[in-house]
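Visitor: Following this message is one structure expressed as structure tokens.
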Amino acid sequence: MWGFVDCTRYYMTGDRPTVVLFQASLVVNTGEKVALLVRPGQGKSTIIRLLAGLDRPDGGTVLRDAGGWPLGYSGWFQADMTGEANVRSLAQVADVDPLDLAAFCQDFAELGEMYYRPLKLYSPTMKARLAMAASLGIPARTYLADDKIATGDEAFRRKTTEVLTARLAEGCGLIFVGSNPRQAKDVCERFYVVSEGEIVPCDGFDHATELLAGTNDPDADESAEVPVFDLA
Amino acid sequence: MISGAGTVSRPVAGESFSEWLRVQLQLVLALAERDVRSRLGENGFGFAMSFMAPLAWIAATYLAFAMLGRTSPVYTDVVTFIISGLIPYATFRHVVTAVGRTRSTVRGLLIYPAVTEEHAVASAALVEVLNSAILLGVVFAANFLLFGRGEMDDPLTFLWGTALCWALGVSYAYAFLGLARFNDRFNQIGQILLRPSFFLSAVFFTANELPDYLLDVLSWNPLLHAVEIARDGMLLHYQSRVASGSYALLWIAAMLMIGAVLNLTRRD
């Protein structure tokens with residue numbers, strides 16, 4: 001089970017507190033597909049950090065389940081290691097067969113010979129493809145997505161969405177935290193909007209978009225390739 | 001840094017102890033491999049450079065001895081005497097640095113559900129074992145090839161003393177990682193406390209030659225005991241009158257306990 005119970009989290013901006021969550025609650029059962037939409041600048045990274053266990057709330061409890069995995073996150077990758085070596089190393093962390101994961105990524109990421117070259121030679125798009133392939137090759141119980149469900153060109157996005165949808169259909173969960181509801185439209189079942197510290201449940205995608213409207217451009221940030229996962 | 005007074009539930013993944021242990025070892029080795037590969041870089045030049053600092057220490061101490069007209073207080077040549085103190089000391093300092101920076105190096109990896117700071121600490125400590133072994137080989141080879149010297153009275157005792165230095169470094173850094181959870185200034189305090197350690201840990205003198213009133217004070221320092229054990233093992237004509245492995249072990253256990261209590265209670 002994931003979520004928040006009476007959770008309060010704020011941070012100081014200068015000498016003024018910025019409230020991200022105020023006694024907010026949300027329960028996501030393992031296997032559910034939920035979008036948590038946050039307006040830009042209103043604490044998306046803080047919420048990701050809370051769910052990832054990197055931050056502690058000022059009050060209340062953050063619920064975290066085993067088997068969560070950051071979708072498309074490339075933080076493990078080392079620039080001096082080849083794509084294949086990075087994937088095999090990541091397999092150790094996920095406790096999956098390195099050969100299986102390496103083979104899956106080689107096929108899925110479609111990097112050709114570059115798969116066997118150091119990551120420092122990769123473009124951001126290639127790195128994003130490899131990171132997405134590695135995520136989807138790992139049998140997570142719940143994916144944690146930071147504003148990105150799919151990356152790359154149209155064909156790769158379509159392929160990513162197809163595989164992710166298949167994973168979700170097999171019972172894998174998804175928690176999407178972001179400011180762009182379109183990314184989550186086809187893969188999430190429940191939508192929430194974080195507003196003035198509250199987690200407001202929405203009737204569906206359109207309702208969620210309405211709540212965000214006026215302060216948020218649904219097409220914003222489409223150009224960024226790599227999920228940010230701002231963990232600093 | 002984790003902050004706030006609320007709680008984060010700990011994910012539970014039900015598994016047997018042996019399975020848990022296998023996964024932990026796998027994680028530590030994966031982190032260590034990643035660390036070594038990143039240090040090696042494309043041609044290993046950066047990795048080789050990391051051994052230049054201890055060699056420079058040895059050269060600088062040799063020059064200081066020459067300028068001050070100091071000779072080896074033990075029946076051996078000056079370089080071998082310096083090596084007998086500096087290798088264990090360098091092991092201590094390197095592991096303190098490596099473990100001390102794990103919080104920043106592992107920050108971006110903690111989002112992976114299996115990775116914790118303890119894995120990063122264990123991995124950094126493990127990599128430093130490898131580095132110390134390489135350093136030992138490089139320095140011994142240099143001493144033999146350049147000066148035709150080399151001494152090793154009791155390799156096991158030398159390794160025991162060096163291992164104690166390593167463990168003191170790990171436990172010291174881990175305790176200060178724990179203290180820094182409460183206030184970042186403890187990072188600086190930990191570094192400041194280390195500064196005089198080079199001069200107080202029998203690196204370029206022996207405990208045997210100290211007057212009793214000074215030895216009574218300096219023998220509180222567990223690193224002095226560990227360095228003395230290593231020197232005792234290396235030099236043919238030296239037997240320390242103060243070195244106590246159990247005293248150093250007591251400090252190691254105490255600092256590890258402090259680190260564990262502070263690190264684990266302040267998390268999740």
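Every chain in the structure tokens takes a letter, A first, then B, and so on in the order presented; its residues are numbered from 1, and the ligands are numbered from 1 following the presented order.
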With a distance threshold of 8 Å and counting only C-alpha atoms, extract the residues of chain A near chain B and express them as an MDAnalysis selection string.
Guide: chainID A and resid 7 9 50 52:70 75:76 78:81 89:90 92:95 231:232
Visitor: Here is a test: counting only C-alpha atoms, which residue of A:Gly204, A:Gly31, A:Gly197, A:Gly112 is nearest to Ala184 of chain A?
Guide: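 Under the stated criterion, the closest residue is A:Gly204.
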Visitor: In Å, with one decimal, what is the gap from atom CA of Asp232 of chain B to atom CA of Met152 of chain B?
Guide: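 Between atom CA of Asp232 of chain B and atom CA of Met152 of chain B the gap works out to 9.5 Å.
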Visitor: For the strand (DSSP E or B) assignment from backbone DSSP, which residues of segment 24-192 of chain A qualify? Please present them as number ranges by chain.
Guide: A: 24-28, 33-38, 59-63, 68-70, 82, 118, 142-146, 173-178, 190-192
Visitor: Grab the atom CA of Val20 of chain A to atom CA of Val38 of chain A distance for me, in Å with one decimal place.
Guide: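 Distance between the two atoms: 9.5 Å.
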Visitor: Mind checking which residues fall within 12 Å of Val200 of chain A, counting only C-alpha atoms, ignoring those fewer than 4 positions away in the same chain, and posting them as a list in words?
Guide: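 Close residues of Val200 of chain A: Leu21, Phe22, Ala24, Ser25, Leu26, Ala35, Leu36, Leu37, Val38, Arg190, Phe191, Tyr192, Val193, Val194, Ser195, Glu196, Gly204, His207, Ala208, Leu211 and Leu212 of chain A.
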Visitor: Within 12 Å of Met132 of chain A, counting only C-alpha atoms, which residues qualify if same-chain residues fewer than 4 places away don't, as a VMD selection string?
Guide: chain A and resid 69 to 75 87 104 to 106 108 to 110 125 to 128 136 to 138 143 145 148 to 152 156 to 157 159 to 161 163 to 164 225 to 227
Visitor: Would you save the residues from that selection as a short mmCIF file (atom, residue, chain, number, x, y, z; two decimals), in the first residue's frame, using C-alpha atoms?
Guide:
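Everything below was put into selection-v7.cif:
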```
data_model
loop_
_atom_site.label_atom_id
_atom_site.label_comp_id
_atom_site.auth_asym_id
_atom_site.auth_seq_id
_atom_site.Cartn_x
_atom_site.Cartn_y
_atom_site.Cartn_z
CA TRP A 69 10.59 1.11 -9.07
CA PRO A 70 11.33 4.53 -10.62
CA LEU A 71 10.12 4.49 -14.22
CA GLY A 72 12.72 5.63 -16.74
CA TYR A 73 15.17 6.79 -14.09
CA SER A 74 18.82 6.72 -15.20
CA GLY A 75 20.43 7.57 -11.84
CA VAL A 87 22.08 -2.63 -17.41
CA PHE A 104 15.61 -7.28 -23.21
CA CYS A 105 17.21 -3.83 -23.19
CA GLN A 106 19.26 -4.50 -26.30
CA PHE A 108 13.81 -2.77 -26.65
CA ALA A 109 16.09 0.29 -26.67
CA GLU A 110 17.17 -0.26 -30.31
CA THR A 125 17.41 10.57 -26.11
CA MET A 126 19.49 7.40 -26.27
CA LYS A 127 20.07 7.52 -22.53
CA ALA A 128 16.35 7.98 -21.95
CA LEU A 136 10.29 -1.95 -18.22
CA GLY A 137 12.55 -4.99 -18.16
CA ILE A 138 12.38 -5.14 -14.39
CA TYR A 143 6.19 1.98 -11.01
CA ALA A 145 6.73 7.96 -12.55
CA LYS A 148 7.04 11.01 -17.76
CA ILE A 149 5.34 7.84 -18.87
CA ALA A 150 7.04 7.59 -22.23
CA THR A 151 10.00 9.31 -23.91
CA GLY A 152 11.66 9.56 -27.30
CA PHE A 156 9.33 4.66 -29.27
CA ARG A 157 6.64 6.37 -27.19
CA LYS A 159 6.13 1.02 -28.01
CA THR A 160 6.83 2.15 -24.45
CA THR A 161 3.17 2.79 -23.77
CA VAL A 163 4.69 -2.47 -22.98
CA LEU A 164 3.80 -0.40 -19.93
CA GLU A 225 13.47 13.54 -22.57
CA VAL A 226 14.66 12.16 -19.26
CA PRO A 227 12.43 11.84 -16.20
#
```
Visitor: Can you work out which one of B:Gln191, B:Asn131, B:Thr61, B:Ser197 has the shortest atom-to-atom distance to Ala48 of chain B, counting only C-alpha atoms?
Guide: B:Asn131
Visitor: Just asking: which residues within segment 25-161 of chain A are alpha helix (DSSP H) according to DSSP, as an mmCIF file with N, CA and C atoms, in the first residue's frame?
Guide:
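Produced file states-v7.cif, reproduced below:
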```cif
data_model
loop_
_atom_site.group_PDB
_atom_site.id
_atom_site.type_symbol
_atom_site.label_atom_id
_atom_site.label_comp_id
_atom_site.auth_asym_id
_atom_site.auth_seq_id
_atom_site.Cartn_x
_atom_site.Cartn_y
_atom_site.Cartn_z
ATOM 1 N N LYS A 44 6.005 19.073 -6.619
ATOM 2 C CA LYS A 44 6.052 17.758 -7.274
ATOM 3 C C LYS A 44 7.275 16.957 -6.807
ATOM 4 N N SER A 45 8.426 17.607 -6.805
ATOM 5 C CA SER A 45 9.645 16.904 -6.398
ATOM 6 C C SER A 45 9.575 16.465 -4.941
ATOM 7 N N THR A 46 8.968 17.310 -4.104
ATOM 8 C CA THR A 46 8.845 16.964 -2.681
ATOM 9 C C THR A 46 7.979 15.717 -2.523
ATOM 10 N N ILE A 47 6.900 15.646 -3.278
ATOM 11 C CA ILE A 47 6.008 14.483 -3.184
ATOM 12 C C ILE A 47 6.722 13.218 -3.681
ATOM 13 N N ILE A 48 7.469 13.350 -4.774
ATOM 14 C CA ILE A 48 8.252 12.214 -5.281
ATOM 15 C C ILE A 48 9.248 11.754 -4.215
ATOM 16 N N ARG A 49 9.915 12.727 -3.611
ATOM 17 C CA ARG A 49 10.917 12.388 -2.590
ATOM 18 C C ARG A 49 10.267 11.693 -1.402
ATOM 19 N N LEU A 50 9.065 12.141 -1.038
ATOM 20 C CA LEU A 50 8.348 11.495 0.070
ATOM 21 C C LEU A 50 8.007 10.046 -0.288
ATOM 22 N N LEU A 51 7.480 9.855 -1.494
ATOM 23 C CA LEU A 51 7.091 8.501 -1.906
ATOM 24 C C LEU A 51 8.303 7.588 -2.090
ATOM 25 N N GLY A 83 26.425 0.783 -22.157
ATOM 26 C CA GLY A 83 25.000 0.599 -21.885
ATOM 27 C C GLY A 83 24.733 -0.783 -21.330
ATOM 28 N N GLU A 84 25.344 -1.788 -21.935
ATOM 29 C CA GLU A 84 25.124 -3.160 -21.505
ATOM 30 C C GLU A 84 25.637 -3.384 -20.081
ATOM 31 N N ALA A 85 26.845 -2.865 -19.779
ATOM 32 C CA ALA A 85 27.418 -3.038 -18.434
ATOM 33 C C ALA A 85 26.542 -2.350 -17.395
ATOM 34 N N ASN A 86 26.003 -1.187 -17.748
ATOM 35 C CA ASN A 86 25.121 -0.474 -16.826
ATOM 36 C C ASN A 86 23.855 -1.279 -16.534
ATOM 37 N N VAL A 87 23.306 -1.850 -17.587
ATOM 38 C CA VAL A 87 22.078 -2.626 -17.415
ATOM 39 C C VAL A 87 22.344 -3.867 -16.564
ATOM 40 N N ARG A 88 23.462 -4.524 -16.819
ATOM 41 C CA ARG A 88 23.789 -5.728 -16.037
ATOM 42 C C ARG A 88 24.013 -5.368 -14.571
ATOM 43 N N SER A 89 24.618 -4.220 -14.348
ATOM 44 C CA SER A 89 24.844 -3.764 -12.976
ATOM 45 C C SER A 89 23.508 -3.448 -12.290
ATOM 46 N N LEU A 90 22.610 -2.804 -13.040
ATOM 47 C CA LEU A 90 21.294 -2.480 -12.484
ATOM 48 C C LEU A 90 20.500 -3.746 -12.155
ATOM 49 N N ALA A 91 20.733 -4.788 -12.954
ATOM 50 C CA ALA A 91 20.038 -6.063 -12.713
ATOM 51 C C ALA A 91 20.376 -6.615 -11.327
ATOM 52 N N GLN A 92 21.606 -6.354 -10.870
ATOM 53 C CA GLN A 92 22.003 -6.818 -9.535
ATOM 54 C C GLN A 92 21.169 -6.112 -8.456
ATOM 55 N N VAL A 93 20.900 -4.852 -8.707
ATOM 56 C CA VAL A 93 20.115 -4.074 -7.735
ATOM 57 C C VAL A 93 18.675 -4.582 -7.680
ATOM 58 N N ALA A 94 18.160 -4.921 -8.861
ATOM 59 C CA ALA A 94 16.767 -5.375 -8.924
ATOM 60 C C ALA A 94 16.646 -6.867 -8.654
ATOM 61 N N PRO A 98 20.931 -10.819 -14.967
ATOM 62 C CA PRO A 98 21.579 -9.774 -15.787
ATOM 63 C C PRO A 98 21.514 -10.068 -17.280
ATOM 64 N N LEU A 99 21.640 -11.341 -17.651
ATOM 65 C CA LEU A 99 21.622 -11.675 -19.078
ATOM 66 C C LEU A 99 20.247 -11.413 -19.685
ATOM 67 N N ASP A 100 19.211 -11.791 -18.942
ATOM 68 C CA ASP A 100 17.842 -11.570 -19.428
ATOM 69 C C ASP A 100 17.565 -10.078 -19.614
ATOM 70 N N LEU A 101 17.942 -9.302 -18.579
ATOM 71 C CA LEU A 101 17.667 -7.867 -18.652
ATOM 72 C C LEU A 101 18.482 -7.215 -19.765
ATOM 73 N N ALA A 102 19.752 -7.636 -19.889
ATOM 74 C CA ALA A 102 20.608 -7.070 -20.945
ATOM 75 C C ALA A 102 20.032 -7.384 -22.332
ATOM 76 N N ALA A 103 19.533 -8.609 -22.507
ATOM 77 C CA ALA A 103 18.961 -8.989 -23.802
ATOM 78 C C ALA A 103 17.688 -8.193 -24.087
ATOM 79 N N PHE A 104 16.853 -8.042 -23.041
ATOM 80 C CA PHE A 104 15.609 -7.279 -23.214
ATOM 81 C C PHE A 104 15.930 -5.835 -23.621
ATOM 82 N N CYS A 105 16.890 -5.236 -22.928
ATOM 83 C CA CYS A 105 17.213 -3.830 -23.190
ATOM 84 C C CYS A 105 17.828 -3.644 -24.579
ATOM 85 N N GLN A 106 18.658 -4.596 -24.973
ATOM 86 C CA GLN A 106 19.264 -4.498 -26.301
ATOM 87 C C GLN A 106 18.174 -4.477 -27.371
ATOM 88 N N ASP A 107 17.187 -5.330 -27.181
ATOM 89 C CA ASP A 107 16.091 -5.424 -28.136
ATOM 90 C C ASP A 107 15.173 -4.204 -28.057
ATOM 91 N N PHE A 108 14.827 -3.811 -26.823
ATOM 92 C CA PHE A 108 13.814 -2.768 -26.651
ATOM 93 C C PHE A 108 14.348 -1.365 -26.981
ATOM 94 N N ALA A 109 15.575 -1.079 -26.520
ATOM 95 C CA ALA A 109 16.087 0.292 -26.673
ATOM 96 C C ALA A 109 16.512 0.601 -28.110
ATOM 97 N N PRO A 124 21.009 12.497 -25.003
ATOM 98 C CA PRO A 124 19.987 12.381 -23.949
ATOM 99 C C PRO A 124 18.853 11.434 -24.349
ATOM 100 N N THR A 125 18.491 11.449 -25.656
ATOM 101 C CA THR A 125 17.414 10.574 -26.113
ATOM 102 C C THR A 125 17.803 9.104 -25.986
ATOM 103 N N MET A 126 19.037 8.794 -26.363
ATOM 104 C CA MET A 126 19.493 7.404 -26.267
ATOM 105 C C MET A 126 19.534 6.955 -24.810
ATOM 106 N N LYS A 127 19.996 7.850 -23.952
ATOM 107 C CA LYS A 127 20.075 7.519 -22.528
ATOM 108 C C LYS A 127 18.672 7.276 -21.968
ATOM 109 N N ALA A 128 17.735 8.122 -22.406
ATOM 110 C CA ALA A 128 16.353 7.977 -21.946
ATOM 111 C C ALA A 128 15.754 6.655 -22.420
ATOM 112 N N ARG A 129 16.077 6.273 -23.658
ATOM 113 C CA ARG A 129 15.565 4.995 -24.191
ATOM 114 C C ARG A 129 16.104 3.826 -23.379
ATOM 115 N N LEU A 130 17.393 3.888 -23.060
ATOM 116 C CA LEU A 130 17.995 2.799 -22.292
ATOM 117 C C LEU A 130 17.383 2.733 -20.885
ATOM 118 N N ALA A 131 17.195 3.915 -20.283
ATOM 119 C CA ALA A 131 16.626 3.946 -18.929
ATOM 120 C C ALA A 131 15.200 3.401 -18.926
ATOM 121 N N MET A 132 14.444 3.766 -19.947
ATOM 122 C CA MET A 132 13.064 3.291 -20.028
ATOM 123 C C MET A 132 13.039 1.780 -20.267
ATOM 124 N N ALA A 133 13.942 1.317 -21.136
ATOM 125 C CA ALA A 133 14.016 -0.127 -21.409
ATOM 126 C C ALA A 133 14.359 -0.887 -20.133
ATOM 127 N N ALA A 134 15.340 -0.364 -19.381
ATOM 128 C CA ALA A 134 15.760 -1.046 -18.152
ATOM 129 C C ALA A 134 14.614 -1.099 -17.144
ATOM 130 N N SER A 135 13.846 -0.008 -17.049
ATOM 131 C CA SER A 135 12.705 0.018 -16.111
ATOM 132 C C SER A 135 11.665 -1.026 -16.497
ATOM 133 N N LEU A 136 11.362 -1.044 -17.778
ATOM 134 C CA LEU A 136 10.295 -1.950 -18.220
ATOM 135 C C LEU A 136 10.741 -3.410 -18.213
ATOM 136 N N GLU A 154 7.934 9.335 -31.651
ATOM 137 C CA GLU A 154 6.556 8.826 -31.604
ATOM 138 C C GLU A 154 6.524 7.288 -31.557
ATOM 139 N N ALA A 155 7.348 6.665 -32.390
ATOM 140 C CA ALA A 155 7.341 5.192 -32.451
ATOM 141 C C ALA A 155 7.788 4.601 -31.114
ATOM 142 N N PHE A 156 8.820 5.191 -30.542
ATOM 143 C CA PHE A 156 9.326 4.656 -29.272
ATOM 144 C C PHE A 156 8.330 4.909 -28.137
ATOM 145 N N ARG A 157 7.671 6.064 -28.195
ATOM 146 C CA ARG A 157 6.641 6.367 -27.190
ATOM 147 C C ARG A 157 5.507 5.337 -27.258
ATOM 148 N N ARG A 158 5.131 5.031 -28.503
ATOM 149 C CA ARG A 158 4.032 4.088 -28.689
ATOM 150 C C ARG A 158 4.422 2.707 -28.155
ATOM 151 N N LYS A 159 5.663 2.327 -28.469
ATOM 152 C CA LYS A 159 6.130 1.022 -28.011
ATOM 153 C C LYS A 159 6.209 0.989 -26.480
ATOM 154 N N THR A 160 6.711 2.063 -25.905
ATOM 155 C CA THR A 160 6.834 2.146 -24.447
ATOM 156 C C THR A 160 5.460 2.038 -23.795
ATOM 157 N N THR A 161 4.519 2.796 -24.338
ATOM 158 C CA THR A 161 3.170 2.791 -23.768
ATOM 159 C C THR A 161 2.534 1.412 -23.868
#
```
Visitor: At what distance in Å, to one decimal, does atom CA of Thr91 of chain B lie from atom CA of Leu223 of chain B?
Guide: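 Straight-line distance from atom CA of Leu223 of chain B to atom CA of Thr91 of chain B works out to 11.1 Å.
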Visitor: Using only C-alpha atoms, determine which residues lie at most 7 Å from Val95 of chain B, disregarding the query and same-chain residues fewer than 3 positions distant; provide the list as a PyMOL selection string.
Guide: chain B and resi 91-92+98-99+125+128+166+169-170
